[in-house]
file my_file-v3.cif (mmCIF, C-alpha atoms)
data_run
#
loop_
_atom_site.group_PDB
_atom_site.id
_atom_site.type_symbol
_atom_site.label_atom_id
_atom_site.label_comp_id
_atom_site.auth_asym_id
_atom_site.auth_seq_id
_atom_site.Cartn_x
_atom_site.Cartn_y
_atom_site.Cartn_z
ATOM 1 C CA MET A 1 103.528 82.586 99.979
ATOM 2 C CA ALA A 2 105.504 85.743 99.177
ATOM 3 C CA ALA A 3 104.718 85.577 95.485
ATOM 4 C CA ALA A 4 101.026 86.112 96.172
ATOM 5 C CA ALA A 5 101.445 89.363 98.065
ATOM 6 C CA GLU A 6 100.377 92.526 96.308
ATOM 7 C CA ALA A 7 99.819 96.211 97.064
ATOM 8 C CA ALA A 8 98.713 99.490 95.588
ATOM 9 C CA PHE A 9 99.196 103.002 96.861
ATOM 10 C CA GLU A 10 97.555 106.297 96.058
ATOM 11 C CA LEU A 11 98.488 109.856 96.954
ATOM 12 C CA LEU A 12 95.172 111.487 97.742
ATOM 13 C CA LYS A 13 93.902 115.025 98.099
ATOM 14 C CA PRO A 14 92.101 116.118 101.264
ATOM 15 C CA GLY A 15 88.360 115.534 101.192
ATOM 16 C CA THR A 16 85.624 118.135 101.169
ATOM 17 C CA ALA A 17 82.368 117.766 103.060
ATOM 18 C CA GLU A 18 79.363 119.058 101.179
ATOM 19 C CA ILE A 19 76.230 120.400 102.823
ATOM 20 C CA ARG A 20 73.294 120.680 100.472
ATOM 21 C CA PRO A 21 70.453 122.714 101.956
ATOM 22 C CA VAL A 22 66.994 121.491 101.128
ATOM 23 C CA GLY A 23 64.695 124.196 99.755
ATOM 24 C CA ASN A 24 65.090 127.470 101.655
ATOM 25 C CA GLU A 25 66.476 125.801 104.764
ATOM 26 C CA LEU A 26 70.041 126.916 105.436
ATOM 27 C CA VAL A 27 70.825 123.773 107.377
ATOM 28 C CA SER A 28 69.905 120.319 106.263
ATOM 29 C CA GLN A 29 68.181 118.427 109.081
ATOM 30 C CA SER A 30 68.829 115.052 107.538
ATOM 31 C CA LEU A 31 70.647 112.536 109.697
ATOM 32 C CA GLU A 32 71.375 110.282 106.755
ATOM 33 C CA LEU A 33 74.944 109.880 105.660
ATOM 34 C CA PRO A 34 75.614 111.562 102.329
ATOM 35 C CA ARG A 35 75.603 109.328 99.313
ATOM 36 C CA GLN A 36 79.120 108.345 98.357
ATOM 37 C CA VAL A 37 80.513 107.138 95.082
ATOM 38 C CA ALA A 38 83.604 105.043 95.589
ATOM 39 C CA SER A 39 86.433 105.730 93.218
ATOM 40 C CA GLU A 40 87.658 102.849 91.139
ATOM 41 C CA ARG A 41 89.451 100.305 93.289
ATOM 42 C CA PRO A 42 93.179 100.622 92.589
ATOM 43 C CA THR A 43 94.804 97.707 90.856
ATOM 44 C CA LEU A 44 97.030 95.810 93.231
ATOM 45 C CA GLU A 45 100.501 95.099 91.985
ATOM 46 C CA ARG A 46 103.064 92.691 93.268
ATOM 47 C CA VAL A 47 105.470 94.245 95.753
ATOM 48 C CA THR A 48 108.925 93.457 97.027
ATOM 49 C CA LEU A 49 108.620 91.223 100.048
ATOM 50 C CA VAL A 50 111.329 89.689 102.144
ATOM 51 C CA ILE A 51 110.271 86.312 103.488
ATOM 52 C CA GLY A 52 112.214 83.320 104.726
ATOM 53 C CA ALA A 53 115.632 84.479 105.886
ATOM 54 C CA LEU A 54 114.027 87.377 107.779
ATOM 55 C CA PRO A 55 117.008 89.740 108.001
ATOM 56 C CA THR A 56 117.060 92.161 110.898
ATOM 57 C CA ALA A 57 115.477 95.532 110.285
ATOM 58 C CA ARG A 58 117.457 97.049 113.144
ATOM 59 C CA PRO A 59 120.030 99.305 111.523
ATOM 60 C CA LYS A 60 123.361 100.368 113.028
ATOM 61 C CA GLN A 61 122.489 103.968 112.251
ATOM 62 C CA VAL A 62 119.092 105.565 111.851
ATOM 63 C CA SER A 63 118.028 109.074 110.917
ATOM 64 C CA LEU A 64 115.190 110.427 112.996
ATOM 65 C CA GLY A 65 112.668 112.566 111.138
ATOM 66 C CA THR A 66 110.094 113.231 113.858
ATOM 67 C CA LEU A 67 109.792 114.309 117.475
ATOM 68 C CA LYS A 68 106.173 113.079 117.583
ATOM 69 C CA ASP A 69 104.969 116.432 118.813
ATOM 70 C CA PRO A 70 102.931 118.819 116.669
ATOM 71 C CA GLN A 71 104.676 121.754 118.369
ATOM 72 C CA TYR A 72 108.018 120.881 116.789
ATOM 73 C CA ARG A 73 109.283 120.039 113.331
ATOM 74 C CA LEU A 74 112.724 118.883 112.320
ATOM 75 C CA LEU A 75 114.661 120.960 109.806
ATOM 76 C CA LYS A 76 116.980 118.053 109.031
ATOM 77 C CA PRO A 77 117.130 114.421 110.151
ATOM 78 C CA ILE A 78 118.982 113.651 113.382
ATOM 79 C CA PRO A 79 121.692 111.012 112.820
ATOM 80 C CA LEU A 80 121.584 108.373 115.560
ATOM 81 C CA GLU A 81 123.683 105.346 116.372
ATOM 82 C CA VAL A 82 121.847 102.178 117.367
ATOM 83 C CA SER A 83 123.242 99.632 119.816
ATOM 84 C CA VAL A 84 121.987 96.923 122.160
ATOM 85 C CA GLN A 85 122.969 97.161 125.814
ATOM 86 C CA GLU A 86 121.704 94.683 128.402
ATOM 87 C CA SER A 87 118.946 93.509 126.021
ATOM 88 C CA GLU A 88 117.692 97.075 125.492
ATOM 89 C CA VAL A 89 118.016 99.044 122.285
ATOM 90 C CA VAL A 90 119.855 102.341 122.781
ATOM 91 C CA VAL A 91 119.896 105.183 120.248
ATOM 92 C CA THR A 92 122.568 107.826 120.741
ATOM 93 C CA TRP A 93 123.152 111.253 119.230
ATOM 94 C CA PRO A 94 126.909 111.621 119.631
ATOM 95 C CA GLU A 95 126.964 115.324 118.697
ATOM 96 C CA ILE A 96 125.315 116.308 121.979
ATOM 97 C CA ASP A 97 125.696 113.004 123.830
ATOM 98 C CA GLU A 98 121.974 112.392 124.321
ATOM 99 C CA PHE A 99 120.326 108.980 124.126
ATOM 100 C CA GLY A 100 117.038 107.121 124.322
ATOM 101 C CA HIS A 101 116.333 103.477 125.125
ATOM 102 C CA GLY A 102 113.561 100.907 124.848
ATOM 103 C CA GLU A 103 112.641 97.312 124.089
ATOM 104 C CA THR A 104 112.726 97.972 120.351
ATOM 105 C CA THR A 105 114.280 100.535 118.026
ATOM 106 C CA GLY A 106 110.899 102.262 117.685
ATOM 107 C CA ALA A 107 110.477 102.462 121.465
ATOM 108 C CA ALA A 108 114.024 103.808 121.828
ATOM 109 C CA LEU A 109 113.315 106.450 119.175
ATOM 110 C CA ASP A 110 110.145 107.499 121.015
ATOM 111 C CA ASP A 111 112.113 107.784 124.264
ATOM 112 C CA PHE A 112 114.835 109.791 122.522
ATOM 113 C CA GLY A 113 112.244 112.123 121.011
ATOM 114 C CA GLN A 114 110.729 112.780 124.425
ATOM 115 C CA THR A 115 114.181 113.460 125.908
ATOM 116 C CA LEU A 116 114.928 115.915 123.129
ATOM 117 C CA ARG A 117 111.600 117.733 123.486
ATOM 118 C CA GLU A 118 112.204 118.186 127.212
ATOM 119 C CA LEU A 119 115.773 119.338 126.620
ATOM 120 C CA HIS A 120 114.674 121.844 123.988
ATOM 121 C CA HIS A 121 111.951 123.147 126.298
ATOM 122 C CA GLN A 122 114.409 123.606 129.175
ATOM 123 C CA LEU A 123 117.211 125.209 127.150
ATOM 124 C CA TYR A 124 114.885 127.622 125.362
ATOM 125 C CA ALA A 125 113.095 128.739 128.513
ATOM 126 C CA SER A 126 113.461 132.520 128.662
ATOM 127 C CA GLU A 127 114.811 132.783 132.209
ATOM 128 C CA VAL A 128 117.525 130.156 131.919
ATOM 129 C CA HIS A 129 121.251 131.047 132.096
ATOM 130 C CA LEU A 130 123.501 128.546 130.370
ATOM 131 C CA GLY A 131 127.178 127.701 130.592
ATOM 132 C CA PRO A 132 129.304 127.257 127.454
ATOM 133 C CA ASP A 133 128.557 123.505 127.084
ATOM 134 C CA LEU A 134 124.802 123.942 127.254
ATOM 135 C CA GLN A 135 125.019 126.994 124.977
ATOM 136 C CA ARG A 136 126.591 124.726 122.381
ATOM 137 C CA VAL A 137 123.871 122.080 122.884
ATOM 138 C CA LYS A 138 121.223 124.790 122.502
ATOM 139 C CA GLN A 139 122.833 125.960 119.280
ATOM 140 C CA VAL A 140 122.927 122.406 117.871
ATOM 141 C CA LEU A 141 119.270 121.853 118.788
ATOM 142 C CA GLY A 142 118.392 125.123 117.048
ATOM 143 C CA GLU A 143 119.968 123.820 113.834
ATOM 144 C CA TYR A 144 117.692 120.766 113.862
ATOM 145 C CA ILE A 145 114.485 121.673 115.685
ATOM 146 C CA GLN A 146 112.018 124.404 114.817
ATOM 147 C CA PRO A 147 108.988 125.161 116.963
ATOM 148 C CA ARG A 148 105.855 125.467 114.871
ATOM 149 C CA ALA A 149 104.144 128.814 114.710
ATOM 150 C CA LYS A 150 101.062 128.780 116.921
ATOM 151 C CA MET B 1 114.527 114.415 97.792
ATOM 152 C CA ALA B 2 117.541 115.912 99.605
ATOM 153 C CA ASP B 3 116.012 119.398 99.509
ATOM 154 C CA ALA B 4 112.486 118.316 100.312
ATOM 155 C CA PRO B 5 111.299 119.199 103.829
ATOM 156 C CA ILE B 6 110.854 116.389 106.335
ATOM 157 C CA PRO B 7 107.166 115.551 106.418
ATOM 158 C CA SER B 8 105.404 115.012 109.727
ATOM 159 C CA VAL B 9 102.884 112.227 110.175
ATOM 160 C CA VAL B 10 99.730 113.416 111.928
ATOM 161 C CA ALA B 11 97.840 110.135 111.569
ATOM 162 C CA MET B 12 98.682 106.567 110.614
ATOM 163 C CA LEU B 13 95.994 103.908 110.882
ATOM 164 C CA ILE B 14 95.636 100.246 109.934
ATOM 165 C CA CYS B 15 92.314 99.055 108.542
ATOM 166 C CA ASP B 16 90.726 96.533 106.197
ATOM 167 C CA GLN B 17 90.232 98.920 103.303
ATOM 168 C CA ILE B 18 90.432 102.597 102.330
ATOM 169 C CA ILE B 19 87.751 103.912 100.017
ATOM 170 C CA ASN B 20 88.159 107.249 98.278
ATOM 171 C CA GLU B 21 84.918 109.009 97.362
ATOM 172 C CA ALA B 22 85.222 110.028 93.752
ATOM 173 C CA GLY B 23 83.472 113.406 93.860
ATOM 174 C CA THR B 24 84.658 114.903 97.140
ATOM 175 C CA ASN B 25 87.887 112.980 97.833
ATOM 176 C CA LYS B 26 86.553 112.038 101.254
ATOM 177 C CA LYS B 27 88.148 108.894 102.568
ATOM 178 C CA SER B 28 86.375 106.110 104.401
ATOM 179 C CA LEU B 29 88.527 103.833 106.490
ATOM 180 C CA ILE B 30 86.707 100.535 106.785
ATOM 181 C CA GLY B 31 87.425 98.307 109.773
ATOM 182 C CA ILE B 32 90.175 100.078 111.703
ATOM 183 C CA PHE B 33 92.026 97.540 113.867
ATOM 184 C CA GLU B 34 95.177 96.963 115.845
ATOM 185 C CA ASN B 35 94.884 93.246 116.674
ATOM 186 C CA PHE B 36 93.998 90.289 114.539
ATOM 187 C CA SER B 37 93.595 86.592 115.171
ATOM 188 C CA SER B 38 93.967 83.423 113.159
ATOM 189 C CA PRO B 39 93.707 79.726 114.055
ATOM 190 C CA GLY B 40 96.937 79.043 112.180
ATOM 191 C CA PHE B 41 100.205 80.652 111.195
ATOM 192 C CA PRO B 42 101.815 81.514 108.859
ATOM 193 C CA VAL B 43 98.812 83.179 107.313
ATOM 194 C CA LEU B 44 98.102 85.523 104.430
ATOM 195 C CA MET B 45 96.035 88.557 105.351
ATOM 196 C CA PRO B 46 93.551 88.775 102.497
ATOM 197 C CA ARG B 47 93.331 92.552 102.756
ATOM 198 C CA LEU B 48 94.984 95.203 104.848
ATOM 199 C CA ALA B 49 95.348 98.944 104.292
ATOM 200 C CA VAL B 50 97.534 101.639 105.797
ATOM 201 C CA TYR B 51 96.329 105.243 105.849
ATOM 202 C CA VAL B 52 98.880 108.031 106.409
ATOM 203 C CA LYS B 53 98.166 111.748 106.738
ATOM 204 C CA LEU B 54 101.164 114.030 106.278
ATOM 205 C CA VAL B 55 101.970 117.708 106.776
ATOM 206 C CA ASP B 56 104.960 119.786 105.638
ATOM 207 C CA ALA B 57 105.517 117.617 102.585
ATOM 208 C CA GLU B 58 106.464 119.201 99.265
ATOM 209 C CA GLY B 59 108.589 117.634 96.574
ATOM 210 C CA VAL B 60 109.458 114.145 95.433
ATOM 211 C CA TYR B 61 109.557 111.547 98.184
ATOM 212 C CA GLN B 62 110.677 107.952 98.180
ATOM 213 C CA PHE B 63 108.697 106.498 101.048
ATOM 214 C CA LYS B 64 109.272 103.044 102.448
ATOM 215 C CA LEU B 65 106.711 101.066 104.426
ATOM 216 C CA ARG B 66 108.217 98.227 106.410
ATOM 217 C CA LEU B 67 106.505 95.439 108.293
ATOM 218 C CA VAL B 68 108.774 94.326 111.115
ATOM 219 C CA LYS B 69 108.363 91.502 113.632
ATOM 220 C CA LEU B 70 109.175 93.167 116.934
ATOM 221 C CA ARG B 71 110.499 90.156 118.884
ATOM 222 C CA ASP B 72 113.732 90.149 116.892
ATOM 223 C CA GLU B 73 113.080 93.202 114.675
ATOM 224 C CA SER B 74 113.196 91.036 111.592
ATOM 225 C CA LEU B 75 111.942 92.443 108.330
ATOM 226 C CA VAL B 76 108.835 90.697 107.011
ATOM 227 C CA ALA B 77 107.901 92.955 104.115
ATOM 228 C CA GLU B 78 108.947 96.211 102.542
ATOM 229 C CA ILE B 79 107.077 98.376 100.062
ATOM 230 C CA ASP B 80 108.622 101.283 98.155
ATOM 231 C CA ILE B 81 106.376 104.218 97.320
ATOM 232 C CA GLN B 82 107.388 107.219 95.237
ATOM 233 C CA ALA B 83 105.144 110.242 95.610
ATOM 234 C CA THR B 84 105.318 113.784 94.267
ATOM 235 C CA ILE B 85 103.612 116.265 96.559
ATOM 236 C CA VAL B 86 103.088 119.662 94.986
ATOM 237 C CA ASP B 87 101.524 121.828 97.677
ATOM 238 C CA SER B 88 102.642 121.755 101.303
ATOM 239 C CA SER B 89 99.872 124.123 102.385
ATOM 240 C CA HIS B 90 97.448 121.177 102.357
ATOM 241 C CA HIS B 91 97.682 117.872 104.113
ATOM 242 C CA SER B 92 98.639 114.939 101.939
ATOM 243 C CA GLU B 93 97.204 111.489 102.347
ATOM 244 C CA LEU B 94 98.716 108.167 101.410
ATOM 245 C CA ALA B 95 96.440 105.189 100.997
ATOM 246 C CA ILE B 96 98.183 101.844 100.738
ATOM 247 C CA ASN B 97 95.897 98.904 100.041
ATOM 248 C CA MET B 98 97.513 95.494 100.304
ATOM 249 C CA GLY B 99 96.405 91.955 99.590
ATOM 250 C CA ASN B 100 97.746 88.603 100.775
ATOM 251 C CA LEU B 101 100.288 90.087 103.145
ATOM 252 C CA PRO B 102 102.133 87.210 104.843
ATOM 253 C CA ILE B 103 102.211 87.054 108.645
ATOM 254 C CA PRO B 104 104.759 84.410 109.676
ATOM 255 C CA GLU B 105 103.749 83.730 113.298
ATOM 256 C CA PRO B 106 101.687 85.051 116.203
ATOM 257 C CA ALA B 107 103.630 88.028 117.547
ATOM 258 C CA LYS B 108 103.679 91.800 117.764
ATOM 259 C CA TYR B 109 104.436 93.518 114.466
ATOM 260 C CA GLU B 110 105.074 97.097 113.495
ATOM 261 C CA PHE B 111 104.451 99.063 110.335
ATOM 262 C CA GLN B 112 107.289 101.579 110.065
ATOM 263 C CA LEU B 113 107.195 104.494 107.650
ATOM 264 C CA TYR B 114 110.438 105.918 106.338
ATOM 265 C CA TYR B 115 111.259 108.500 103.740
ATOM 266 C CA GLY B 116 114.559 107.434 102.293
ATOM 267 C CA GLU B 117 116.388 106.239 105.388
ATOM 268 C CA VAL B 118 114.657 108.743 107.664
ATOM 269 C CA PHE B 119 112.298 107.250 110.253
ATOM 270 C CA LEU B 120 108.918 108.991 110.366
ATOM 271 C CA HIS B 121 106.338 106.939 112.224
ATOM 272 C CA ARG B 122 105.291 103.501 113.470
ATOM 273 C CA VAL B 123 102.100 101.640 114.284
ATOM 274 C CA THR B 124 102.002 98.348 116.176
ATOM 275 C CA ILE B 125 99.655 95.439 115.498
ATOM 276 C CA ASP B 126 99.281 92.231 117.471
ATOM 277 C CA ALA B 127 98.758 88.857 115.753
ATOM 278 C CA VAL B 128 97.143 86.307 118.067
ATOM 279 C CA GLN B 129 96.625 82.580 117.530
ATOM 280 C CA ILE B 130 93.216 81.270 118.508
ATOM 281 C CA SER B 131 91.696 77.810 118.694
ATOM 282 C CA ALA B 132 89.919 76.475 115.640
ATOM 283 C CA GLY B 133 86.580 77.191 117.317
ATOM 284 C CA GLY B 134 87.196 80.896 116.932
ATOM 285 C CA ALA B 135 87.817 83.691 119.371
ATOM 286 C CA PRO B 136 86.476 83.175 122.917
ATOM 287 C CA TRP B 137 83.497 85.433 122.252
ATOM 288 C CA GLN B 138 82.603 83.399 119.153
ATOM 289 C CA GLN B 139 82.642 79.982 120.834
ATOM 290 C CA GLN B 140 79.385 78.422 121.777
ATOM 291 C CA GLN B 141 78.931 78.072 125.509
ATOM 292 C CA LYS B 142 78.550 74.509 126.755
ATOM 293 C CA PRO B 143 75.389 73.769 128.710
ATOM 294 C CA PRO B 144 75.929 73.244 132.465
ATOM 295 C CA LEU B 145 76.442 69.659 133.594
ATOM 296 C CA ASN B 146 73.574 68.086 135.557
ATOM 297 C CA PHE B 147 74.369 65.493 138.204
#
call {"tool": "encode", "arguments": {"input": "my_file-v3.cif", "output": "structure tokens"}}
result
Amino acid sequence: MAAAAEAAFELLKPGTAEIRPVGNELVSQSLELPRQVASERPTLERVTLVIGALPTARPKQVSLGTLKDPQYRLLKPIPLEVSVQESEVVVTWPEIDEFGHGETTGAALDDFGQTLRELHHQLYASEVHLGPDLQRVKQVLGEYIQPRAK
Amino acid sequence: MADAPIPSVVAMLICDQIINEAGTNKKSLIGIFENFSSPGFPVLMPRLAVYVKLVDAEGVYQFKLRLVKLRDESLVAEIDIQATIVDSSHHSELAINMGNLPIPEPAKYEFQLYYGEVFLHRVTIDAVQISAGGAPWQQQQKPPLNF
């Protein structure tokens, strides 16, 4: 079954919508979809597939590259340790002792991302006064997380 | 890749097919779905496509798309994709068209996108086993019994 699997990928440029006025009209009133010419269908090639033994995809460490929030971007990946505690997956960032948990690694990463967003929001609030420990946490977060310009 | 910025995923969708319009580069995603059904498993999905829209990407990236069965987080399939993105001021789009992707059993699965070993995004799909007569909405209703 695995031998039959195939795939193709393309890196594509953003599309451009074209409005073609009819005659002197500035706006086309047509409700028809524009005619489209499909590009040549990419040739599918065989890909590496792991079937049969089904090894676990749950790593012992994972690097997180997203906070799933368009307001923030990560300057470098956050190194996390992955463990299972009481049938839940737990991801931990030892540097600041923060964690997230969930039924799966993905769910735990989502939970961790939300925790980190809330922590960043609280520590970077203008009126907050922080002790030395939280100052250090704030500094570490600043090395990894950058708010996007609005 | 070490110096390349971490890209952010602003959209990741599963569909039957991605068509790229030759003149304008507009993409059409045909048949977006998140569940699928089959009367038997294991099954080969004849066609499946993953569309990814990225921001903040510039440089050479080794992406990895993994299909994982969530019950035990076992790896079903893995595809390596190398892409060179030259201009981070525009969004970049990845279109991955696949054929005959094996689905071992009815369960929840996840497509996970990595760059290198860095986790970027995930999308869940649900594979459901149905009776040979088709999905409930496809089965012919029996006439009422008359006594």
call {"tool": "resolve_selection", "arguments": {"input": "my_file-v3.cif", "expression": "the PyMOL selection byres ((chain B) within 7 of (chain A))", "output": "MDAnalysis selection string"}}
result
chainID B and resid 6 8 19:22 24:27 68 70 73:79 83 91:102 117:120
call {"tool": "residues_around", "arguments": {"input": "my_file-v3.cif", "residues": "stretch 38-44 of chain B", "least_positions_apart": "4", "cutoff": "8 Å", "atoms": "all atoms listed in the file", "output": "ChimeraX atom specification"}}
result
/A:1 /B:100-106,127-132,134
call {"tool": "residues_near_point", "arguments": {"input": "my_file-v3.cif", "point": "(109.4, 122.3, 105.4)", "cutoff": "8 Å", "atoms": "all atoms listed in the file", "output": "NGL selection string"}}
result
(:A and (75)) or (:B and (4-7 or 56-58 or 88))
call {"tool": "resolve_selection", "arguments": {"input": "my_file-v3.cif", "expression": "the PyMOL selection byres ((chain A and resi 83) around 12)", "output": "VMD selection string"}}
result
chain A and resid 58 to 62 80 to 82 84 to 93 99 to 105 108
call {"tool": "atom_distance", "arguments": {"input": "my_file-v3.cif", "atom1": "atom CA of A:Asp97", "atom2": "atom CA of B:Val10"}}
result
28.6 Å
call {"tool": "resolve_selection", "arguments": {"input": "my_file-v3.cif", "expression": "the PyMOL selection byres ((chain A and resi 134) around 12)", "output": "list in words"}}
result
Ile96, Asp97, Leu119, His120, Gln122, Leu123, Tyr124, Val128, His129, Leu130, Gly131, Pro132, Asp133, Gln135, Arg136, Val137, Lys138, Gln139, Val140 and Leu141 of chain A
call {"tool": "write_last_selection", "arguments": {"input": "my_file-v3.cif", "atoms": "C-alpha atoms", "output": "compact mmCIF listing (two decimals), in the coordinates of the input"}}
result
# COMPACT_ATOMS: atom_id res chain seq x y z
CA ILE A 96 125.32 116.31 121.98
CA ASP A 97 125.70 113.00 123.83
CA LEU A 119 115.77 119.34 126.62
CA HIS A 120 114.67 121.84 123.99
CA GLN A 122 114.41 123.61 129.18
CA LEU A 123 117.21 125.21 127.15
CA TYR A 124 114.88 127.62 125.36
CA VAL A 128 117.52 130.16 131.92
CA HIS A 129 121.25 131.05 132.10
CA LEU A 130 123.50 128.55 130.37
CA GLY A 131 127.18 127.70 130.59
CA PRO A 132 129.30 127.26 127.45
CA ASP A 133 128.56 123.50 127.08
CA GLN A 135 125.02 126.99 124.98
CA ARG A 136 126.59 124.73 122.38
CA VAL A 137 123.87 122.08 122.88
CA LYS A 138 121.22 124.79 122.50
CA GLN A 139 122.83 125.96 119.28
CA VAL A 140 122.93 122.41 117.87
CA LEU A 141 119.27 121.85 118.79
call {"tool": "atom_distance", "arguments": {"input": "my_file-v3.cif", "atom1": "atom CA of A:Gln114", "atom2": "atom CA of B:Leu113"}}
result
19.0 Å
call {"tool": "atom_distance", "arguments": {"input": "my_file-v3.cif", "atom1": "atom CA of B:Leu48", "atom2": "atom CA of B:Ile18"}}
result
9.0 Å
